[in-house]
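Asker: For reference, the file start.txt (compact mmCIF, C-alpha atoms and all ligand atoms) is included below:
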```txt
# COMPACT_ATOMS: atom_id res chain seq x y z
CA MET C 15 40.27 8.85 -7.76
CA ASP C 16 39.95 7.60 -11.35
CA THR C 17 36.73 5.63 -10.77
CA PHE C 18 33.49 7.04 -9.42
CA PRO C 19 33.48 7.03 -5.60
CA VAL C 20 29.88 5.84 -5.68
CA CYS C 21 28.65 3.51 -8.43
CA SER C 22 26.26 0.56 -8.24
CA TYR C 23 23.50 -0.58 -10.58
CA ASN C 24 22.45 -3.95 -9.24
CA GLU C 25 22.79 -6.35 -6.31
CA TRP C 26 25.41 -8.73 -7.72
CA ASP C 27 28.22 -6.97 -9.61
CA PRO C 28 31.61 -7.36 -7.86
CA LEU C 29 31.44 -5.42 -4.60
CA GLU C 30 34.24 -2.96 -3.88
CA GLU C 31 32.93 -0.70 -1.13
CA ILE C 32 29.98 -0.89 1.23
CA ILE C 33 28.51 0.77 4.30
CA VAL C 34 27.90 -1.54 7.26
CA GLY C 35 25.47 0.09 9.69
CA THR C 36 26.15 1.16 13.25
CA ILE C 37 23.80 0.39 16.14
CA ASP C 38 25.15 2.55 18.99
CA GLY C 39 22.57 4.91 20.38
CA VAL C 40 19.60 2.89 19.05
CA SER C 41 16.40 3.78 20.90
CA VAL C 42 13.27 1.71 21.53
CA PRO C 43 10.62 3.13 19.19
CA VAL C 44 7.35 4.19 20.75
CA LEU C 45 4.48 1.81 19.92
CA THR C 46 2.42 4.20 17.81
CA HIS C 47 -0.50 3.04 15.63
CA ASP C 48 1.65 2.78 12.49
CA MET C 49 4.52 1.04 14.31
CA LYS C 50 2.11 -1.78 15.16
CA THR C 51 2.44 -2.92 11.55
CA PHE C 52 6.21 -3.08 12.05
CA ILE C 53 6.58 -4.57 15.53
CA ARG C 54 5.34 -8.11 16.12
CA LYS C 55 2.35 -8.34 18.41
CA GLU C 56 4.05 -10.62 20.93
CA TYR C 57 6.52 -7.78 21.69
CA TRP C 58 4.02 -4.91 21.94
CA ASP C 59 4.17 -4.91 25.77
CA PHE C 60 7.96 -4.44 25.71
CA TYR C 61 7.57 -1.46 23.34
CA ARG C 62 4.71 -0.02 25.41
CA GLU C 63 6.91 -0.12 28.47
CA HIS C 64 10.27 0.92 27.03
CA GLY C 65 9.32 3.18 24.08
CA GLY C 66 11.57 6.26 23.96
CA LYS C 67 14.29 4.69 26.12
CA PRO C 68 17.54 2.98 25.21
CA TYR C 69 17.41 -0.78 24.52
CA PRO C 70 18.98 -3.06 27.15
CA ILE C 71 22.73 -2.60 26.80
CA ASP C 72 23.42 -6.32 26.34
CA MET C 73 21.12 -6.51 23.33
CA VAL C 74 22.89 -3.55 21.73
CA LYS C 75 26.39 -4.87 22.49
CA LYS C 76 25.60 -8.23 20.89
CA ALA C 77 24.17 -6.59 17.77
CA ALA C 78 27.22 -4.28 17.59
CA GLN C 79 29.44 -7.37 17.70
CA ALA C 80 27.41 -8.95 14.87
CA LEU C 81 27.93 -5.81 12.76
CA ASP C 82 31.67 -5.86 13.52
CA ASN C 83 31.74 -9.54 12.52
CA LEU C 84 30.21 -8.58 9.18
CA GLN C 85 32.77 -5.81 8.68
CA HIS C 86 35.65 -8.24 9.31
CA VAL C 87 34.26 -10.93 7.02
CA LEU C 88 33.77 -8.45 4.18
CA GLU C 89 37.24 -6.96 4.64
CA ALA C 90 38.71 -10.46 4.52
CA GLU C 91 37.01 -10.84 1.11
CA GLY C 92 38.70 -7.65 -0.11
CA VAL C 93 35.77 -5.26 0.28
CA THR C 94 36.28 -1.74 1.70
CA VAL C 95 33.89 -1.23 4.60
CA ARG C 96 32.80 2.18 5.86
CA ARG C 97 30.82 2.75 9.05
CA PRO C 98 28.44 5.63 9.77
CA ASP C 99 28.42 7.84 12.84
CA SER C 100 27.27 6.82 16.27
CA VAL C 101 24.40 8.88 17.61
CA GLY C 102 23.79 9.93 21.17
CA TYR C 103 20.42 11.59 20.71
CA ALA C 104 18.06 8.88 19.43
CA HIS C 105 15.99 8.82 22.62
CA HIS C 106 15.72 12.61 22.89
CA VAL C 107 12.29 14.01 22.05
CA PHE C 108 12.34 15.91 18.75
CA LYS C 109 9.57 18.10 17.37
CA THR C 110 8.57 19.26 13.94
CA PRO C 111 5.58 21.57 13.28
CA TYR C 112 3.46 18.41 12.83
CA PHE C 113 4.57 15.80 15.38
CA ALA C 114 6.89 14.95 18.23
CA SER C 115 8.74 11.67 18.53
CA THR C 116 11.86 9.99 19.74
CA GLY C 117 14.13 8.16 17.31
CA PHE C 118 14.88 4.57 16.46
CA PHE C 119 18.22 4.91 14.61
CA ASN C 120 18.82 1.22 13.95
CA ALA C 121 21.69 -0.02 11.79
CA ASP C 122 19.72 -0.74 8.63
CA ALA C 123 21.43 1.51 6.12
CA ARG C 124 19.52 -0.20 3.27
CA ASP C 125 16.24 1.34 4.50
CA VAL C 126 17.64 4.87 4.44
CA LEU C 127 19.93 5.07 1.40
CA LEU C 128 19.50 3.95 -2.20
CA VAL C 129 22.45 4.07 -4.56
CA VAL C 130 21.54 4.24 -8.24
CA GLY C 131 24.60 4.65 -10.44
CA ASP C 132 26.72 7.47 -9.05
CA GLU C 133 23.89 8.95 -7.00
CA ILE C 134 23.07 8.47 -3.32
CA ILE C 135 19.38 9.01 -2.64
CA GLU C 136 18.30 9.60 0.95
CA ALA C 137 14.88 8.01 1.43
CA PRO C 138 12.22 10.23 3.01
CA MET C 139 11.00 7.31 5.23
CA ALA C 140 7.43 7.02 6.58
CA GLN C 141 7.82 6.32 10.29
CA ARG C 142 8.12 9.33 12.53
CA CYS C 143 10.71 7.65 14.73
CA ARG C 144 12.96 7.28 11.66
CA TYR C 145 12.55 10.86 10.44
CA PHE C 146 16.11 11.88 11.30
CA GLU C 147 17.81 8.54 10.71
CA PHE C 148 19.67 9.94 7.67
CA MET C 149 21.75 11.96 10.16
CA ARG C 150 23.84 8.87 10.90
CA TYR C 151 25.06 8.88 7.30
CA ARG C 152 25.64 12.57 6.71
CA SER C 153 29.41 12.64 7.34
CA LEU C 154 29.91 9.69 5.00
CA ILE C 155 27.61 11.13 2.33
CA GLN C 156 29.35 14.48 2.60
CA GLU C 157 32.66 12.72 2.02
CA TYR C 158 31.36 10.87 -1.06
CA PHE C 159 29.89 14.14 -2.33
CA ASN C 160 33.27 15.86 -1.91
CA GLN C 161 34.77 13.08 -4.05
CA GLY C 162 32.23 13.66 -6.85
CA ALA C 163 29.14 11.57 -6.02
CA ARG C 164 25.68 12.93 -6.73
CA TRP C 165 23.54 13.40 -3.64
CA THR C 166 19.76 13.78 -3.44
CA ALA C 167 17.48 13.92 -0.45
CA ALA C 168 13.98 12.90 -1.58
CA PRO C 169 11.28 15.32 -0.36
CA LYS C 170 10.79 14.82 3.35
CA PRO C 171 7.10 14.12 4.09
CA LYS C 172 5.42 16.32 6.66
CA MET C 173 4.31 13.06 8.36
CA CYS C 174 1.26 14.80 9.74
CA ASP C 175 -1.78 12.72 10.72
CA ASP C 176 -3.05 12.59 7.11
CA LEU C 177 -0.23 10.24 6.15
CA TYR C 178 -1.63 7.42 8.31
CA ASP C 179 -4.80 5.34 8.17
CA TRP C 180 -5.95 5.67 11.77
CA ASP C 181 -8.83 3.23 11.16
CA TYR C 182 -6.54 0.46 9.99
CA PRO C 183 -7.71 -2.50 12.12
CA GLU C 184 -5.28 -3.65 14.80
CA ASP C 185 -6.31 -7.26 14.27
CA ASP C 186 -4.87 -7.15 10.76
CA MET C 187 -1.51 -6.01 12.05
CA SER C 188 -0.69 -9.33 13.67
CA PHE C 189 -0.32 -11.37 10.46
CA PHE C 190 3.31 -10.55 10.38
CA ARG C 191 4.96 -10.73 6.99
CA GLY C 192 3.46 -13.94 5.77
CA GLU C 193 4.85 -16.37 8.32
CA GLY C 194 1.60 -18.04 9.21
CA GLY C 195 -1.68 -18.57 7.41
CA VAL C 196 -2.82 -15.48 5.59
CA PRO C 197 -6.56 -14.77 5.62
CA ASP C 198 -7.73 -13.08 2.43
CA HIS C 199 -9.27 -10.09 4.20
CA VAL C 200 -5.93 -8.82 5.59
CA GLY C 201 -5.24 -5.16 4.71
CA PRO C 202 -2.49 -5.14 2.09
CA LEU C 203 -3.98 -8.17 0.34
CA ASN C 204 -6.99 -5.92 -0.19
CA GLY C 205 -4.83 -2.94 -1.11
CA ARG C 206 -5.11 -1.24 2.29
CA PHE C 207 -1.95 0.05 3.97
CA ILE C 208 -1.11 1.99 7.13
CA THR C 209 0.19 4.89 5.01
CA THR C 210 -2.13 6.90 2.77
CA GLU C 211 -1.34 8.77 -0.46
CA SER C 212 -1.38 12.23 1.12
CA GLU C 213 2.25 12.87 0.14
CA PRO C 214 5.16 10.76 -1.19
CA CYS C 215 6.99 8.49 1.23
CA PHE C 216 9.29 5.51 0.84
CA ASP C 217 11.97 3.41 2.46
CA ALA C 218 14.88 2.59 0.16
CA ALA C 219 14.56 -1.15 0.88
CA ASP C 220 11.29 -1.25 -1.06
CA PHE C 221 13.32 -0.84 -4.28
CA THR C 222 15.40 -3.62 -5.85
CA ARG C 223 17.85 -2.78 -8.61
CA PHE C 224 18.26 -4.82 -11.80
CA GLY C 225 20.23 -2.29 -13.89
CA ARG C 226 17.83 -0.18 -15.94
CA ASP C 227 14.86 -1.97 -14.35
CA ILE C 228 14.05 -1.25 -10.72
CA LEU C 229 11.27 -3.11 -8.92
CA ALA C 230 9.31 -1.15 -6.33
CA GLN C 231 6.86 -2.45 -3.78
CA ARG C 232 3.85 -0.52 -2.41
CA SER C 233 4.15 -1.33 1.30
CA HIS C 234 3.21 0.05 4.69
CA VAL C 235 6.16 2.47 4.39
CA THR C 236 6.29 3.13 0.63
CA ASN C 237 3.32 4.61 -1.18
CA ASP C 238 2.45 4.96 -4.87
CA LEU C 239 3.42 8.65 -4.81
CA GLY C 240 6.86 7.68 -3.48
CA ILE C 241 7.27 5.20 -6.34
CA GLN C 242 6.15 7.88 -8.85
CA TRP C 243 8.65 10.32 -7.35
CA MET C 244 11.42 7.78 -7.90
CA GLN C 245 10.45 7.14 -11.54
CA ARG C 246 10.28 10.85 -12.38
CA HIS C 247 13.48 11.58 -10.52
CA LEU C 248 15.46 8.83 -12.26
CA GLY C 249 14.00 9.74 -15.65
CA SER C 250 13.90 7.78 -18.89
CA GLU C 251 17.17 5.87 -18.33
CA TYR C 252 15.38 3.71 -15.76
CA ARG C 253 12.09 1.81 -15.67
CA VAL C 254 10.53 1.60 -12.21
CA HIS C 255 7.99 -1.24 -12.05
CA THR C 256 5.52 -1.63 -9.21
CA VAL C 257 5.35 -5.23 -8.03
CA LYS C 258 2.93 -6.92 -5.66
CA PHE C 259 3.51 -9.98 -3.52
CA ARG C 260 1.10 -12.08 -1.48
CA ASP C 261 2.31 -10.46 1.73
CA PRO C 262 -0.02 -9.48 4.57
CA GLY C 263 2.48 -7.00 6.03
CA PRO C 264 4.82 -5.76 3.32
CA ILE C 265 7.69 -3.62 4.57
CA HIS C 266 10.86 -3.88 2.45
CA MET C 267 11.40 -6.26 -0.44
CA ASP C 268 14.74 -7.74 0.55
CA ALA C 269 13.43 -10.88 2.22
CA THR C 270 10.79 -11.38 -0.46
CA TRP C 271 12.37 -11.06 -3.94
CA VAL C 272 16.16 -11.15 -3.84
CA PRO C 273 18.41 -11.27 -6.92
CA ILE C 274 21.51 -13.46 -6.58
CA GLY C 275 22.91 -12.77 -10.03
CA GLU C 276 21.95 -11.70 -13.50
CA GLY C 277 19.98 -14.88 -14.14
CA ARG C 278 18.51 -15.81 -10.77
CA VAL C 279 16.20 -14.41 -8.14
CA LEU C 280 15.09 -15.83 -4.79
CA SER C 281 11.36 -15.75 -4.13
CA CYS C 282 10.08 -16.14 -0.57
CA PRO C 283 7.80 -19.23 -0.77
CA PRO C 284 4.87 -17.89 1.31
CA ARG C 285 5.00 -14.52 -0.50
CA PRO C 286 4.85 -15.30 -4.21
CA CYS C 287 4.84 -12.54 -6.79
CA LEU C 288 1.29 -11.60 -7.83
CA SER C 289 2.17 -9.28 -10.72
CA PRO C 290 1.68 -11.10 -14.05
CA ASP C 291 3.66 -8.42 -15.95
CA ILE C 292 6.70 -8.89 -13.70
CA LEU C 293 6.50 -12.68 -13.87
CA GLU C 294 6.28 -12.43 -17.67
CA MET C 295 9.28 -10.07 -17.73
CA PHE C 296 11.38 -12.58 -15.77
CA GLU C 297 10.12 -15.52 -17.81
CA LYS C 298 10.80 -13.85 -21.16
CA ALA C 299 14.35 -13.01 -20.10
CA ARG C 300 14.74 -16.64 -18.94
CA ARG C 301 15.50 -15.61 -15.39
CA GLU C 302 15.25 -18.46 -12.93
CA ILE C 303 12.96 -18.03 -9.90
CA LEU C 304 14.23 -20.05 -6.93
CA TYR C 305 12.51 -20.85 -3.63
CA PRO C 306 14.86 -21.01 -0.61
CA PRO C 307 14.12 -22.93 2.61
CA PRO C 308 12.87 -21.08 5.71
CA GLY C 309 15.21 -19.59 8.28
CA VAL C 310 16.18 -21.51 11.40
CA ALA C 311 18.26 -19.04 13.47
CA ASP C 312 17.60 -19.14 17.19
CA ALA C 313 16.93 -15.43 17.60
CA GLU C 314 14.22 -12.96 18.57
CA PHE C 315 12.44 -11.35 15.64
CA HIS C 316 10.83 -8.18 17.01
CA MET C 317 10.41 -6.50 13.64
CA SER C 318 10.83 -9.06 10.93
CA SER C 319 10.04 -12.57 9.87
CA ARG C 320 12.38 -15.58 10.02
CA TRP C 321 12.90 -15.02 6.30
CA LEU C 322 15.85 -12.78 7.17
CA SER C 323 17.66 -16.02 6.26
CA MET C 324 17.28 -14.99 2.59
CA ASN C 325 18.28 -11.38 3.33
CA ILE C 326 21.78 -12.17 2.07
CA LEU C 327 24.53 -10.10 0.55
CA MET C 328 26.11 -10.96 -2.79
CA ILE C 329 29.82 -10.10 -3.02
CA ASP C 330 29.66 -11.07 -6.69
CA GLU C 331 27.81 -13.73 -8.68
CA GLU C 332 29.90 -16.51 -7.08
CA ARG C 333 30.11 -15.47 -3.41
CA VAL C 334 27.20 -15.02 -1.04
CA VAL C 335 27.40 -13.87 2.60
CA VAL C 336 25.02 -15.94 4.78
CA GLU C 337 24.30 -16.03 8.52
CA ARG C 338 26.28 -18.92 10.04
CA SER C 339 23.38 -20.71 11.73
CA GLU C 340 21.14 -20.73 8.63
CA GLU C 341 22.20 -24.25 7.66
CA PRO C 342 19.36 -25.12 5.25
CA THR C 343 19.97 -21.84 3.39
CA ILE C 344 23.73 -22.49 3.29
CA LYS C 345 23.11 -25.97 1.86
CA PHE C 346 20.69 -24.48 -0.68
CA PHE C 347 23.35 -22.03 -1.93
CA LYS C 348 26.04 -24.69 -2.04
CA GLU C 349 23.79 -26.84 -4.21
CA LEU C 350 23.47 -23.88 -6.56
CA GLY C 351 27.27 -23.86 -6.83
CA LEU C 352 27.82 -20.67 -4.82
CA LYS C 353 30.65 -20.11 -2.37
CA THR C 354 29.09 -19.33 1.01
CA ILE C 355 30.87 -16.82 3.24
CA LEU C 356 29.60 -17.34 6.78
CA VAL C 357 29.17 -14.69 9.45
CA ASP C 358 27.80 -14.73 13.02
CA PHE C 359 25.05 -12.21 12.62
CA LYS C 360 21.87 -13.53 14.28
CA ASP C 361 22.24 -11.19 17.28
CA HIS C 362 21.40 -8.36 14.95
CA TYR C 363 18.07 -9.89 13.85
CA VAL C 364 16.27 -8.48 16.89
CA PHE C 365 16.56 -4.98 15.41
CA GLY C 366 14.76 -6.06 12.25
CA GLY C 367 17.56 -6.47 9.78
CA GLY C 368 19.62 -9.16 8.11
CA LEU C 369 22.84 -8.86 6.13
CA HIS C 370 21.31 -6.95 3.23
CA CYS C 371 19.33 -4.60 5.48
CA ALA C 372 22.38 -3.66 7.55
CA THR C 373 24.43 -2.64 4.54
CA CYS C 374 24.33 -0.27 1.59
CA ASP C 375 26.37 -0.85 -1.57
CA ILE C 376 28.58 2.09 -2.38
CA ARG C 377 30.56 0.70 -5.30
CA ARG C 378 30.21 -2.40 -7.43
CA ARG C 379 32.33 -2.90 -10.55
CA GLY C 380 29.92 -2.82 -13.46
CA THR C 381 28.02 -0.66 -15.90
CA LEU C 382 24.41 0.27 -16.48
CA LYS C 383 22.75 -2.55 -18.44
CA SER C 384 19.34 -3.73 -19.44
CA TYR C 385 18.69 -7.27 -18.21
CA PHE C 386 15.11 -7.53 -19.52
N1 LIG T 401 13.59 -5.42 6.70
C1 LIG T 401 13.41 -6.67 6.05
C2 LIG T 401 12.34 -7.46 6.75
C3 LIG T 401 11.75 -8.45 5.89
C4 LIG T 401 10.88 -9.46 6.59
O1 LIG T 401 10.40 -9.22 7.66
O2 LIG T 401 10.68 -10.53 6.12
```
Could you render the structure as structure tokens?

Answerer:
Amino acid sequence: MDTFPVCSYNEWDPLEEIIVGTIDGVSVPVLTHDMKTFIRKEYWDFYREHGGKPYPIDMVKKAAQALDNLQHVLEAEGVTVRRPDSVGYAHHVFKTPYFASTGFFNADARDVLLVVGDEIIEAPMAQRCRYFEFMRYRSLIQEYFNQGARWTAAPKPKMCDDLYDWDYPEDDMSFFRGEGGVPDHVGPLNGRFITTESEPCFDAADFTRFGRDILAQRSHVTNDLGIQWMQRHLGSEYRVHTVKFRDPGPIHMDATWVPIGEGRVLSCPPRPCLSPDILEMFEKARREILYPPPGVADAEFHMSSRWLSMNILMIDEERVVVERSEEPTIKFFKELGLKTILVDFKDHYVFGGGLHCATCDIRRRGTLKSYF
């Protein structure tokens, strides 16, 4: 191969190869204290009852079809799509010296893997049920490594009890990701999160790549030590900036602050950016901040907000993949002059992820640049 097998620096350069996640074997996560920040309160009874068991087969089949739809749409646009392994052990109990759990193993590759240049970084994660989720990707990563990619597994946290704030009030867990009114006392607005700083942890989807500048969000699953690890690991070629949004339940940045090209970024209207330095950085570089309409898909959202509508995938700066039923969002993109590529994907929403979540860029045609 005369190009790097793995190479991507941002979210909008022309996409050549991508991983689309696999859902087979997904297991209902157990409703632990920390998972209550992730699972919407109206579904807690379902998770209490079914935790550790497979999801209803119909739900999984429909989500698998949605992922296949995405694969076909991307292939029709000329993108090479790779799929990770199925797993048959997600609902088996596993034990480490510090905890026992069953898995989750959803299809959201973007939470587990971060590609920066020619390097694949496996995120350490912060939820016990996702501890072994990287396993799904190991045959693919091994293959990319054999072709010359760099491969790093960030230090796996022990995930012992110290990593979690056991006094975090349950009442504050129900203000899910800024959909409703947001009282000022809610945890993350006051700087309180379900994870502590006892050791580094992060999900890859709390990092957004803009070439040499990478934004990182302190969230329930990404702590300051995790962000520091990333900055030191990437070294002086990259600048990792911590950014804060008005979000009562931050977990992953990709339905909050979403670049759609070198000059434009989508900002989730109820979760504005609260970091003056970041706003100044975007303003100075004359980057446009755009506010998309809310999502409308008729779907269940167990682990996310309706703002999965803006969890889109850029094929390049002209083409955007959007969920077919998100008509206001489609209209919004058309008015911006983008070509919308539609895909039936809403049956995947129940597992927490949109089009960006369920994918991981492997190769985009472009070079490392400074956009700020
Ligand atoms: N995993 C992305 C979820 C974002 C949101 O709930 O809005």

Asker: When distances are computed from only C-alpha atoms, which of C:Glu314, C:Glu89, C:Glu276, C:Glu56 shows the smallest separation from Ile32 in chain C?

Answerer: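 Nearest to Ile32 in chain C: C:Glu89.
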
Asker: Go ahead and fit an axis-aligned box to every listed atom of ligand LIG 401 (chain T) plus 6 Å each side, and pass me the centre and edge lengths in Å, one decimal, as AutoDock Vina command-line options.

Answerer:
```
--center_x 12.0 --center_y -8.0 --center_z 6.8 --size_x 15.2 --size_y 17.1 --size_z 13.8
```

Asker: Could you list the protein, DNA and RNA residues that have any atom within 6 Å of ligand LIG 401 (chain T), counting all atoms listed in the file, and write them as a ChimeraX atom specification?

Answerer: /C:191,266,268-269,318-319,321-322,366-367,371

Asker: Could you tell me which of C:Met49, C:Ile265, C:Ala219, C:Ile208 comes closest to Arg142 in chain C if we count all atoms listed in the file?

Answerer: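 Once distances to Arg142 in chain C are computed over all atoms listed in the file, the minimum belongs to C:Met49.
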
Asker: Using only C-alpha atoms, which residues sit within 12 Å of Tyr145 in chain C once same-chain residues fewer than 3 positions away are excluded, as an MDAnalysis selection string?

Answerer: chainID C and resid 43 104 108:110 113:119 125:126 136:142 148:150 169:174 215:217

Asker: Taking into account only C-alpha atoms, which residue in the set C:Phe386, C:Arg223, C:Ser339, C:Gln79 is nearest to Glu297 in chain C?

Answerer: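 Of all the options, C:Phe386 lies closest to Glu297 in chain C.
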
Asker: From the structure block, carefully write range 86-117 of chain C out with C-alpha atoms; format it as a short mmCIF file (atom, residue, chain, number, x, y, z; two decimals), in the first residue's frame.

Answerer:
```
data_model
loop_
_atom_site.label_atom_id
_atom_site.label_comp_id
_atom_site.auth_asym_id
_atom_site.auth_seq_id
_atom_site.Cartn_x
_atom_site.Cartn_y
_atom_site.Cartn_z
CA HIS C 86 -24.52 0.25 1.89
CA VAL C 87 -25.05 4.00 1.67
CA LEU C 88 -21.37 4.68 2.37
CA GLU C 89 -20.22 2.07 -0.14
CA ALA C 90 -22.48 3.65 -2.76
CA GLU C 91 -20.61 6.92 -2.12
CA GLY C 92 -17.29 5.18 -2.77
CA VAL C 93 -16.17 4.68 0.83
CA THR C 94 -14.55 1.39 1.94
CA VAL C 95 -16.45 0.05 4.95
CA ARG C 96 -15.00 -2.41 7.44
CA ARG C 97 -17.00 -4.15 10.15
CA PRO C 98 -15.69 -5.40 13.50
CA ASP C 99 -16.21 -8.84 14.99
CA SER C 100 -19.43 -10.14 16.44
CA VAL C 101 -19.20 -11.13 20.08
CA GLY C 102 -20.95 -13.96 21.81
CA TYR C 103 -19.83 -13.26 25.36
CA ALA C 104 -21.17 -9.80 26.23
CA HIS C 105 -23.64 -11.14 28.81
CA HIS C 106 -21.14 -13.47 30.47
CA VAL C 107 -19.94 -12.32 33.89
CA PHE C 108 -16.31 -11.20 33.79
CA LYS C 109 -14.10 -10.42 36.77
CA THR C 110 -11.03 -8.33 37.32
CA PRO C 111 -9.27 -8.03 40.71
CA TYR C 112 -11.47 -4.97 41.40
CA PHE C 113 -14.96 -5.63 40.03
CA ALA C 114 -17.26 -8.05 38.27
CA SER C 115 -19.62 -7.05 35.48
CA THR C 116 -21.30 -8.15 32.32
CA GLY C 117 -20.69 -6.31 29.07
#
```
